[in-house]
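Peer 1: The following block contains the structure, expressed as structure tokens.
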Amino acid sequence: MELYQLSLHELQDILKKQDSSSEEIVLSILKRIKLVEDNVKAFVTLDEELAIEKARKCDQEKDYTGISGIPYALKDLICTRGMRTTCSSHMMENFVPTYDATVAAKLKEAKGILLGKLNMDEFAMGSSTENSAFYPTRNPWDLERVPGGSSGGSAAAVAADEAPFALGTDTGGSIRQPASYCGIVGLKPTYGRVSRSGVVAFASSLDQVGVLSKNVRDCAIILNIIAGHDPLDSTSVNVDFPDYTESLSTDIKGLKIAYPQEYFQQGVDEEIKEVVKKALLKYEEMGAVVEEVSLPHSEYALAAYFLVSTAEASANLARFDGVRYGIRDLEAENVVEMFSNTRAAGFGDEVKRRIMLGTYALSSGYYDAYYLKALKVRRLISNDFEKIFKDFDIIVSPTTPTTAFKLGEQNDNPLTLYMNDILTVPINLAGLPGMSVPCGFAAGLPVGMQIIARPFDEAAIIRAAYAYEQYTDHHTVKPLLGVKENG
Amino acid sequence: MAKGYETVIGLEVHVELKTESKIFCSCSTVFGAEPNTQVCPICSGFPGMLPVLNARVVELAIKAGLALNCEIADYCKFDRKNYFYPDLPKAYQISQYDLPICKRGCLEIDADGQKKTIGITRAHIEEDAGKLVHQGDITSSPFSLVDLNRSGVPLLEIVSEPDMRTAQEARTYVEKLRSILLFAGVSDCRMQEGSLRCDANVSVRPVGQKELGTRAEIKNLNSFRSLEKAIEYEAKRQIFDIEDGVEIVQETRTWDEEKQTTRSMRSKEEAHDYRYFPDPDLPPLKIGKDWIETLRGSLPELPDQAQERLIRDFNLPLYDAVIITSSPEYLAFFDDCVKLYSDAKVVSNWMMGELNKVLNQNNMEISDCKIRPNALARMLELIDEGTISGKMAKTVFEEMFASGKEADLIIKEKGLVQISDEETLKKLINDIVVQNPKVVEDYKNGKKKAAGFFVGQVMKATKGQANPALLNSLLEERLQKEL
């Protein structure tokens, strides 16, 4: 095994035993990136020198506690002091923050080594990373296919062994869907569990930072670092959280699992249904109780999601006006023209489409029919989940209706692309934690299983996911990427 | 006011809440700093930065609401008001839309000697925007500079009912509002620094008509004077238009200080659609009854209570009481002074007269005044003791104001002591009477005014230092002898 192939906790062990140095790990990963990045295109910014310098410092100090000396990368909307943060948008191509997002600061404080910033759909709007203003990222399992999105760069980088773990954000499935497409673990924590401070906002009431990793244990280790109340984010909740690695148990006897019938209809591929149903059988084998339930308002979730998220986005993205940072149209005759031209040139089509949709939904005369109604639907969806969680510990479903699709395949009609999120958006609307775990393959492509729990009960998800992972071996299968190992 | 019409006025007043730091970040709110020295990534709207509410803002807003007899909401929220402008960094202002922190209050004004209640519809918290700086006029300046020091300074917007009927009432309302907020300690209310700003909604209607006329909102009212002038002008404009058969349109107008007119800024059709919606970055605000009651208990004496006390304890006229309670510092001056000098009406007269005159002339607040209450009290004593006359006291007072010296010292330095020695005065009177037989003759022939000539001559001879009362009686005595 090469160092770059190892997962986070395996690297921790190696460093602790001093079998390899942090510099060796970083060099191995940088070599791997060099080898595959032309094909995968997961990174927007890569700072090799900084990474090597930090690794050497770790090796000098021989401080290998926590994630000290272990490399990682961040989705490019998580602000990093001194390192450009683009949101994969022309608008922010030259933006270098003077501050770290709280999550970036926490990983820095834990002495992890930041490799660089990862590609995404522009401003996190999309499900394929094709909306990046720079270039699309490709799925390591099949380079003709998308890695999912919007955290497509994060998922692809981890799946292609370009980083042991990465952070992404999830507004309607943007961690879970690419994790599913790329065959890795992706966790969206409960809304409020992780600070959003310094994370460029798409839809503030839905956005949540989470982890993309090679296995469940790694996910628990990183969640331990990034979770918690942040005085800089009023929506981060001051609720105690446990040591998530203590939930890494294979004993799930008596665990009550619900699977919603609605999540096994709605145009979900037959093969995917089969794979996930098989996973449910495994759970029964392990001693869990599995029952079918109903979440009756599921069919309205996607519409509600697109109204709420675009409404919030229309305000969140208004600050990109050319006045203080990012690009500016210098030819404009007056200020209104400067605003319009800057935004016309800086934003891509999907971002403009969503800003217009959100602006419309909030407009006088339409507010009640669209935005307000969407809020009511949101409440009903939340109630659906609450009801189920009175009797069950977790809910299990497919993460996505299909496996990874081909680049360009869904570009003609944005609405079909939006359907990719149909099984993940209800979880954001209800503010619940959700994880995608690899649970098998369909036609050679990874299939993800979504595990949902009560608010702030990430521990239940980790326990169920870990037990499943240990009981099966899907997570050990790796993409070949068409490159030969060792030359 | 043209006959047959009534003016209806409602006011929207913005006051800066007196906090050390801004509403959503820890930047300073001190006025007058170099541009963009009190900014951070939060108040300049940098990507990913989030607002965190300053608890002190809520506390001051509640205190203001209580002082204005408002209901305090147990649940309120913050909303985004969306519009593009270079001084608005996020391109939305965080404000409160449908659930303000305070509603349904009132205050009482003195309208032509009658008490009148003005309703307060609501008061809500919001953040201020920055400001644009231009070279000369905005239309000809080659650039716009943005200063964000003010961006994120906490404001309370207080909206009145359309209860005022004259420009004078509107002015009195703002004066009363100002004094209440000053007493409650929630704002400095300095119009010239922009910590109190005012917009007026003005409409007219035929007397007796119930429905309100179409209103215009007047902006850019930077002083009490421009508030009054703008309302008077606007009401006349609307009446002339109606008389000429021109329909009044709902619009926003601006007061042109130079031309002393209002002119249209934008019509209702051109008005912004602000697309208010709840700010997802800020959880709703729940305000406990206990907190409200604690704050109610912490409110100091307010102008109405103070006025009552002044009338009851010192027998002051309402007019005096209103002026003395225009600010807490002013009232404190009075209270300190009357502890040392018991004739409250005399203190009040001096404060409303000489003190106000010099403060206004020098554009100063009483807190900046070098004359302290004990010094004024001592000066008033010196008048009573006959050391100086009332007229001399005005000179002494001006010197006290300029130099901050005590009255006794000024009198000594300037040799201003009043001549109350009978023998000295008698001699002077006698000399002048003897030297002016013709005037004595006039006096004998019944020209009583001639006595004034002798007073003037004695004052001239004593450089005004003769005790006027004593002089009058001695002169009378001396002239009697001539009869």
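The way I read the labels, and the way they are meant: chains A, B, ... in the order of the structure tokens, residue 1 as the first residue of every chain, and ligand 1 as the first ligand shown, with later ones counted on from there.
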I want to know what sits within 8 Å of stretch 278-293 of chain A, based on only C-alpha atoms, with residues of the same chain fewer than 5 positions away left out; could you give that as a VMD selection string?

Peer 2: chain A and resid 251 to 261 388 439 468

Peer 1: For the residues in that selection, give me C-alpha atoms as a short mmCIF file (atom, residue, chain, number, x, y, z; two decimals), in the first residue's frame.

Peer 2:
```cif
data_model
loop_
_atom_site.label_atom_id
_atom_site.label_comp_id
_atom_site.auth_asym_id
_atom_site.auth_seq_id
_atom_site.Cartn_x
_atom_site.Cartn_y
_atom_site.Cartn_z
CA ASP A 251 -23.47 -3.84 18.12
CA ILE A 252 -26.77 -2.54 16.77
CA LYS A 253 -29.05 -5.17 18.19
CA GLY A 254 -32.53 -3.72 18.64
CA LEU A 255 -31.77 -0.57 16.62
CA LYS A 256 -35.05 0.59 15.14
CA ILE A 257 -34.76 1.45 11.45
CA ALA A 258 -37.51 2.99 9.35
CA TYR A 259 -37.51 3.11 5.58
CA PRO A 260 -39.97 5.52 3.98
CA GLN A 261 -41.99 4.07 1.12
CA ILE A 388 -41.30 8.81 12.68
CA CYS A 439 -23.63 0.22 0.17
CA TYR A 468 -22.83 -1.68 8.32
#
```

Peer 1: Could you list, as a PDB file with C-alpha atoms, in the first residue's frame, the residues of chain B having an atom within 7 Å of chain A when counting only C-alpha atoms?

Peer 2:
```pdb
ATOM      1  CA  GLY B  45     -20.300  42.495   4.260  1.00  0.00           C
ATOM      2  CA  PRO B  47     -18.421  36.656   2.165  1.00  0.00           C
ATOM      3  CA  GLY B  48     -19.256  34.135   4.866  1.00  0.00           C
ATOM      4  CA  MET B  49     -19.327  36.656   7.697  1.00  0.00           C
ATOM      5  CA  LEU B  50     -22.350  36.393   9.988  1.00  0.00           C
ATOM      6  CA  VAL B  52     -24.219  38.293  16.005  1.00  0.00           C
ATOM      7  CA  ASN B  82     -33.082  44.172   0.017  1.00  0.00           C
ATOM      8  CA  PRO B  86     -22.805  51.249  -2.682  1.00  0.00           C
ATOM      9  CA  PRO B  89     -22.339  46.353   1.987  1.00  0.00           C
ATOM     10  CA  LYS B  90     -24.544  43.253   2.073  1.00  0.00           C
ATOM     11  CA  ALA B  91     -27.033  44.815  -0.355  1.00  0.00           C
ATOM     12  CA  TYR B  92     -29.609  44.215   2.331  1.00  0.00           C
ATOM     13  CA  ASP B 273     -39.774  46.414  -3.711  1.00  0.00           C
ATOM     14  CA  ARG B 275     -38.570  41.902  -0.704  1.00  0.00           C
ATOM     15  CA  PRO B 280     -31.977  33.186   8.415  1.00  0.00           C
ATOM     16  CA  ASP B 281     -28.682  34.178  10.064  1.00  0.00           C
ATOM     17  CA  LEU B 282     -30.417  35.465  13.204  1.00  0.00           C
ATOM     18  CA  PRO B 283     -32.658  33.323  15.384  1.00  0.00           C
TER      19      PRO B 283
END
```

Peer 1: List as number ranges by chain the protein and nucleic acid residues near A:Ser28, meaning an atom at most 9 Å away when only C-alpha atoms are counted, but skip any in the same chain fewer than 5 places from it.

Peer 2: A: 2-4, 23, 33

Peer 1: Applying 10 Å and only C-alpha atoms, which residues near B:Met400 remain after dropping the ones on its own chain fewer than 2 positions away? List them as a PyMOL selection string.

Peer 2: chain B and resi 369-372+375-376+379+394-398+402-407+409-410

Peer 1: Can you spit out the residues from that selection as a PDB file, in the first residue's frame, using N, CA and C atoms?

Peer 2:
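That gives us out_28.pdb:
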```pdb
ATOM      1  N   CYS B 369     -20.647  73.439  29.429  1.00  0.00           N
ATOM      2  CA  CYS B 369     -20.653  74.811  29.963  1.00  0.00           C
ATOM      3  C   CYS B 369     -19.735  74.926  31.180  1.00  0.00           C
ATOM      4  N   LYS B 370     -18.926  75.996  31.182  1.00  0.00           N
ATOM      5  CA  LYS B 370     -17.986  76.181  32.295  1.00  0.00           C
ATOM      6  C   LYS B 370     -18.675  76.642  33.577  1.00  0.00           C
ATOM      7  N   ILE B 371     -19.829  77.241  33.441  1.00  0.00           N
ATOM      8  CA  ILE B 371     -20.556  77.649  34.660  1.00  0.00           C
ATOM      9  C   ILE B 371     -21.210  76.416  35.272  1.00  0.00           C
ATOM     10  N   ARG B 372     -20.877  76.118  36.509  1.00  0.00           N
ATOM     11  CA  ARG B 372     -21.503  74.995  37.183  1.00  0.00           C
ATOM     12  C   ARG B 372     -22.640  75.501  38.065  1.00  0.00           C
ATOM     13  N   ALA B 375     -21.900  77.754  40.980  1.00  0.00           N
ATOM     14  CA  ALA B 375     -21.421  79.081  40.616  1.00  0.00           C
ATOM     15  C   ALA B 375     -22.586  80.012  40.301  1.00  0.00           C
ATOM     16  N   LEU B 376     -23.589  79.457  39.597  1.00  0.00           N
ATOM     17  CA  LEU B 376     -24.767  80.287  39.302  1.00  0.00           C
ATOM     18  C   LEU B 376     -25.483  80.651  40.606  1.00  0.00           C
ATOM     19  N   MET B 379     -23.760  83.421  42.358  1.00  0.00           N
ATOM     20  CA  MET B 379     -23.967  84.708  41.687  1.00  0.00           C
ATOM     21  C   MET B 379     -25.332  85.283  42.041  1.00  0.00           C
ATOM     22  N   LYS B 394     -25.376  90.346  34.629  1.00  0.00           N
ATOM     23  CA  LYS B 394     -25.303  89.828  33.251  1.00  0.00           C
ATOM     24  C   LYS B 394     -23.872  89.890  32.726  1.00  0.00           C
ATOM     25  N   THR B 395     -23.166  90.961  33.070  1.00  0.00           N
ATOM     26  CA  THR B 395     -21.760  91.071  32.672  1.00  0.00           C
ATOM     27  C   THR B 395     -20.929  89.992  33.362  1.00  0.00           C
ATOM     28  N   VAL B 396     -21.196  89.863  34.678  1.00  0.00           N
ATOM     29  CA  VAL B 396     -20.462  88.857  35.449  1.00  0.00           C
ATOM     30  C   VAL B 396     -20.719  87.462  34.857  1.00  0.00           C
ATOM     31  N   PHE B 397     -21.998  87.204  34.514  1.00  0.00           N
ATOM     32  CA  PHE B 397     -22.393  85.901  33.989  1.00  0.00           C
ATOM     33  C   PHE B 397     -21.643  85.593  32.696  1.00  0.00           C
ATOM     34  N   GLU B 398     -21.574  86.571  31.831  1.00  0.00           N
ATOM     35  CA  GLU B 398     -20.870  86.357  30.553  1.00  0.00           C
ATOM     36  C   GLU B 398     -19.405  86.026  30.770  1.00  0.00           C
ATOM     37  N   ALA B 402     -17.333  82.620  29.880  1.00  0.00           N
ATOM     38  CA  ALA B 402     -16.145  82.629  29.033  1.00  0.00           C
ATOM     39  C   ALA B 402     -14.937  82.026  29.740  1.00  0.00           C
ATOM     40  N   SER B 403     -14.759  82.382  31.038  1.00  0.00           N
ATOM     41  CA  SER B 403     -13.517  82.002  31.712  1.00  0.00           C
ATOM     42  C   SER B 403     -13.688  80.869  32.722  1.00  0.00           C
ATOM     43  N   GLY B 404     -14.931  80.641  33.155  1.00  0.00           N
ATOM     44  CA  GLY B 404     -15.146  79.614  34.170  1.00  0.00           C
ATOM     45  C   GLY B 404     -14.795  80.096  35.577  1.00  0.00           C
ATOM     46  N   LYS B 405     -14.494  81.384  35.723  1.00  0.00           N
ATOM     47  CA  LYS B 405     -14.147  81.918  37.058  1.00  0.00           C
ATOM     48  C   LYS B 405     -15.395  82.084  37.916  1.00  0.00           C
ATOM     49  N   GLU B 406     -15.170  82.093  39.227  1.00  0.00           N
ATOM     50  CA  GLU B 406     -16.268  82.320  40.170  1.00  0.00           C
ATOM     51  C   GLU B 406     -16.684  83.793  40.126  1.00  0.00           C
ATOM     52  N   ALA B 407     -17.953  84.045  40.444  1.00  0.00           N
ATOM     53  CA  ALA B 407     -18.482  85.413  40.398  1.00  0.00           C
ATOM     54  C   ALA B 407     -17.701  86.341  41.330  1.00  0.00           C
ATOM     55  N   LEU B 409     -14.644  86.310  42.286  1.00  0.00           N
ATOM     56  CA  LEU B 409     -13.332  86.651  41.736  1.00  0.00           C
ATOM     57  C   LEU B 409     -13.462  87.697  40.627  1.00  0.00           C
ATOM     58  N   ILE B 410     -14.470  87.500  39.775  1.00  0.00           N
ATOM     59  CA  ILE B 410     -14.670  88.437  38.663  1.00  0.00           C
ATOM     60  C   ILE B 410     -14.996  89.828  39.200  1.00  0.00           C
TER      61      ILE B 410
END
```

Peer 1: Set the distance at 10 Å and use only C-alpha atoms: which residues neighbour B:Tyr5 once local chain neighbours fewer than 5 positions away are removed? I'd like the list as a ChimeraX atom specification.

Peer 2: /B:204-209,235-236,239

Peer 1: Restricted to C-alpha atoms, what would the selected residues look like written as a compact mmCIF listing (two decimals), in the first residue's frame?

Peer 2:
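Dumped everything to out.txt:
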```
# COMPACT_ATOMS: atom_id res chain seq x y z
CA VAL B 204 -53.76 67.68 3.58
CA ARG B 205 -57.54 67.29 3.58
CA PRO B 206 -60.56 69.54 3.74
CA VAL B 207 -61.54 70.27 7.32
CA GLY B 208 -64.13 67.74 8.45
CA GLN B 209 -63.07 65.03 6.01
CA ALA B 235 -48.70 71.55 3.02
CA LYS B 236 -48.98 74.77 1.01
CA ILE B 239 -53.19 72.80 -1.13
```

Peer 1: I'd like the contact shell of stretch 428-437 of chain A - 6 Å cut-off, only C-alpha atoms, skipping same-chain residues fewer than 6 positions apart - returned as an mmCIF file with N, CA and C atoms, in the first residue's frame.

Peer 2:
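Produced file around-v2.cif, reproduced below:
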```
data_model
loop_
_atom_site.group_PDB
_atom_site.id
_atom_site.type_symbol
_atom_site.label_atom_id
_atom_site.label_comp_id
_atom_site.auth_asym_id
_atom_site.auth_seq_id
_atom_site.Cartn_x
_atom_site.Cartn_y
_atom_site.Cartn_z
ATOM 1 N N GLY A 172 -28.675 20.996 -0.033
ATOM 2 C CA GLY A 172 -29.812 20.164 -0.415
ATOM 3 C C GLY A 172 -29.363 18.755 -0.764
ATOM 4 N N ARG A 176 -23.848 14.626 0.467
ATOM 5 C CA ARG A 176 -24.297 13.235 0.395
ATOM 6 C C ARG A 176 -24.359 12.707 -1.041
ATOM 7 N N SER A 180 -22.134 9.727 -2.515
ATOM 8 C CA SER A 180 -22.796 8.550 -3.071
ATOM 9 C C SER A 180 -22.250 8.224 -4.460
ATOM 10 N N VAL A 185 -17.805 8.110 2.153
ATOM 11 C CA VAL A 185 -18.701 8.510 3.240
ATOM 12 C C VAL A 185 -18.850 10.022 3.213
ATOM 13 N N GLY A 186 -20.092 10.503 3.322
ATOM 14 C CA GLY A 186 -20.331 11.946 3.370
ATOM 15 C C GLY A 186 -21.365 12.272 4.420
ATOM 16 N N LEU A 187 -21.001 13.123 5.373
ATOM 17 C CA LEU A 187 -21.931 13.458 6.463
ATOM 18 C C LEU A 187 -22.339 14.921 6.411
ATOM 19 N N LYS A 188 -23.644 15.156 6.414
ATOM 20 C CA LYS A 188 -24.180 16.486 6.664
ATOM 21 C C LYS A 188 -24.683 16.502 8.086
ATOM 22 N N PRO A 189 -24.029 17.234 8.988
ATOM 23 C CA PRO A 189 -24.484 17.262 10.382
ATOM 24 C C PRO A 189 -25.810 18.003 10.533
ATOM 25 N N THR A 190 -26.386 17.933 11.718
ATOM 26 C CA THR A 190 -27.591 18.683 12.052
ATOM 27 C C THR A 190 -27.348 20.160 11.802
ATOM 28 N N TYR A 191 -28.371 20.876 11.291
ATOM 29 C CA TYR A 191 -28.240 22.310 11.133
ATOM 30 C C TYR A 191 -27.943 22.930 12.502
ATOM 31 N N LEU A 206 -30.266 26.483 5.374
ATOM 32 C CA LEU A 206 -30.099 25.084 4.948
ATOM 33 C C LEU A 206 -28.640 24.638 4.933
ATOM 34 N N ARG A 378 -42.351 23.345 4.608
ATOM 35 C CA ARG A 378 -41.155 22.974 5.361
ATOM 36 C C ARG A 378 -41.536 22.463 6.753
ATOM 37 N N SER A 382 -41.001 18.678 8.327
ATOM 38 C CA SER A 382 -40.370 18.509 9.632
ATOM 39 C C SER A 382 -41.239 17.645 10.554
ATOM 40 N N GLY A 448 -25.034 4.839 -2.914
ATOM 41 C CA GLY A 448 -24.970 5.307 -1.525
ATOM 42 C C GLY A 448 -26.268 5.055 -0.797
ATOM 43 N N MET A 449 -26.128 4.763 0.495
ATOM 44 C CA MET A 449 -27.299 4.596 1.358
ATOM 45 C C MET A 449 -27.340 5.798 2.298
ATOM 46 N N GLN A 450 -28.506 6.416 2.377
ATOM 47 C CA GLN A 450 -28.643 7.588 3.244
ATOM 48 C C GLN A 450 -29.164 7.164 4.617
ATOM 49 N N ILE A 451 -28.472 7.602 5.661
ATOM 50 C CA ILE A 451 -28.936 7.339 7.036
ATOM 51 C C ILE A 451 -29.266 8.671 7.684
ATOM 52 N N ILE A 452 -30.469 8.786 8.216
ATOM 53 C CA ILE A 452 -30.967 10.043 8.790
ATOM 54 C C ILE A 452 -31.285 9.797 10.264
ATOM 55 N N ALA A 453 -31.013 10.779 11.115
ATOM 56 C CA ALA A 453 -31.338 10.607 12.539
ATOM 57 C C ALA A 453 -32.006 11.858 13.094
ATOM 58 N N PRO A 455 -32.441 15.321 15.305
ATOM 59 C CA PRO A 455 -31.520 16.452 15.411
ATOM 60 C C PRO A 455 -30.456 16.181 16.484
#
```

Peer 1: Leaving out B:Gly32 and any residue of its chain fewer than 6 positions from it, which residues lie within 12 Å of it when counting only C-alpha atoms, given as a list in words?

Peer 2: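 The neighbour list is Gln38, Asp147, Asn149, Arg150, Gln192, Glu193, Gly194 and Ser195 of chain B.
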
Peer 1: For the selection just defined, write its residues with N, CA and C atoms to a file, as a JSON list (two decimals), in the first residue's frame.

Peer 2:
```json
[["chain", "number", "residue", "atom", "x", "y", "z"],
["B", 38, "GLN", "N", -13.29, 52.12, 11.45],
["B", 38, "GLN", "CA", -14.10, 51.34, 12.37],
["B", 38, "GLN", "C", -14.92, 50.32, 11.58],
["B", 147, "ASP", "N", -17.57, 55.25, 2.92],
["B", 147, "ASP", "CA", -17.09, 55.21, 4.31],
["B", 147, "ASP", "C", -18.05, 54.30, 5.09],
["B", 149, "ASN", "N", -17.73, 53.39, 8.34],
["B", 149, "ASN", "CA", -17.69, 53.53, 9.81],
["B", 149, "ASN", "C", -19.09, 53.43, 10.42],
["B", 150, "ARG", "N", -20.07, 53.98, 9.73],
["B", 150, "ARG", "CA", -21.43, 54.01, 10.27],
["B", 150, "ARG", "C", -22.19, 52.72, 9.99],
["B", 192, "GLN", "N", -27.16, 67.15, 14.60],
["B", 192, "GLN", "CA", -26.06, 67.60, 13.73],
["B", 192, "GLN", "C", -25.07, 66.47, 13.45],
["B", 193, "GLU", "N", -25.02, 65.45, 14.34],
["B", 193, "GLU", "CA", -24.14, 64.30, 14.08],
["B", 193, "GLU", "C", -24.91, 63.16, 13.43],
["B", 194, "GLY", "N", -26.19, 63.39, 13.20],
["B", 194, "GLY", "CA", -26.99, 62.37, 12.54],
["B", 194, "GLY", "C", -27.46, 61.27, 13.47],
["B", 195, "SER", "N", -27.31, 61.47, 14.78],
["B", 195, "SER", "CA", -27.78, 60.41, 15.68],
["B", 195, "SER", "C", -29.27, 60.56, 15.97]]
```

Peer 1: Please, which residues of stretch 44-267 of chain B, numbered as in this document, come out alpha helix (DSSP H) from DSSP, as number ranges by chain?

Peer 2: B: 55-67, 167-184, 224-243

Peer 1: Expressed in Å to a single decimal, how great is the separation between atom CA of B:Glu20 and atom CA of B:Val153?

Peer 2: 9.7 Å

Peer 1: As a PyMOL selection string, list the residues of stretch 184-400 of chain A assigned to strand (DSSP E or B) by DSSP on the backbone atoms of this structure.

Peer 2: chain A and resi 185-188+194+199+208-213+227+256-260+289-293+394-398
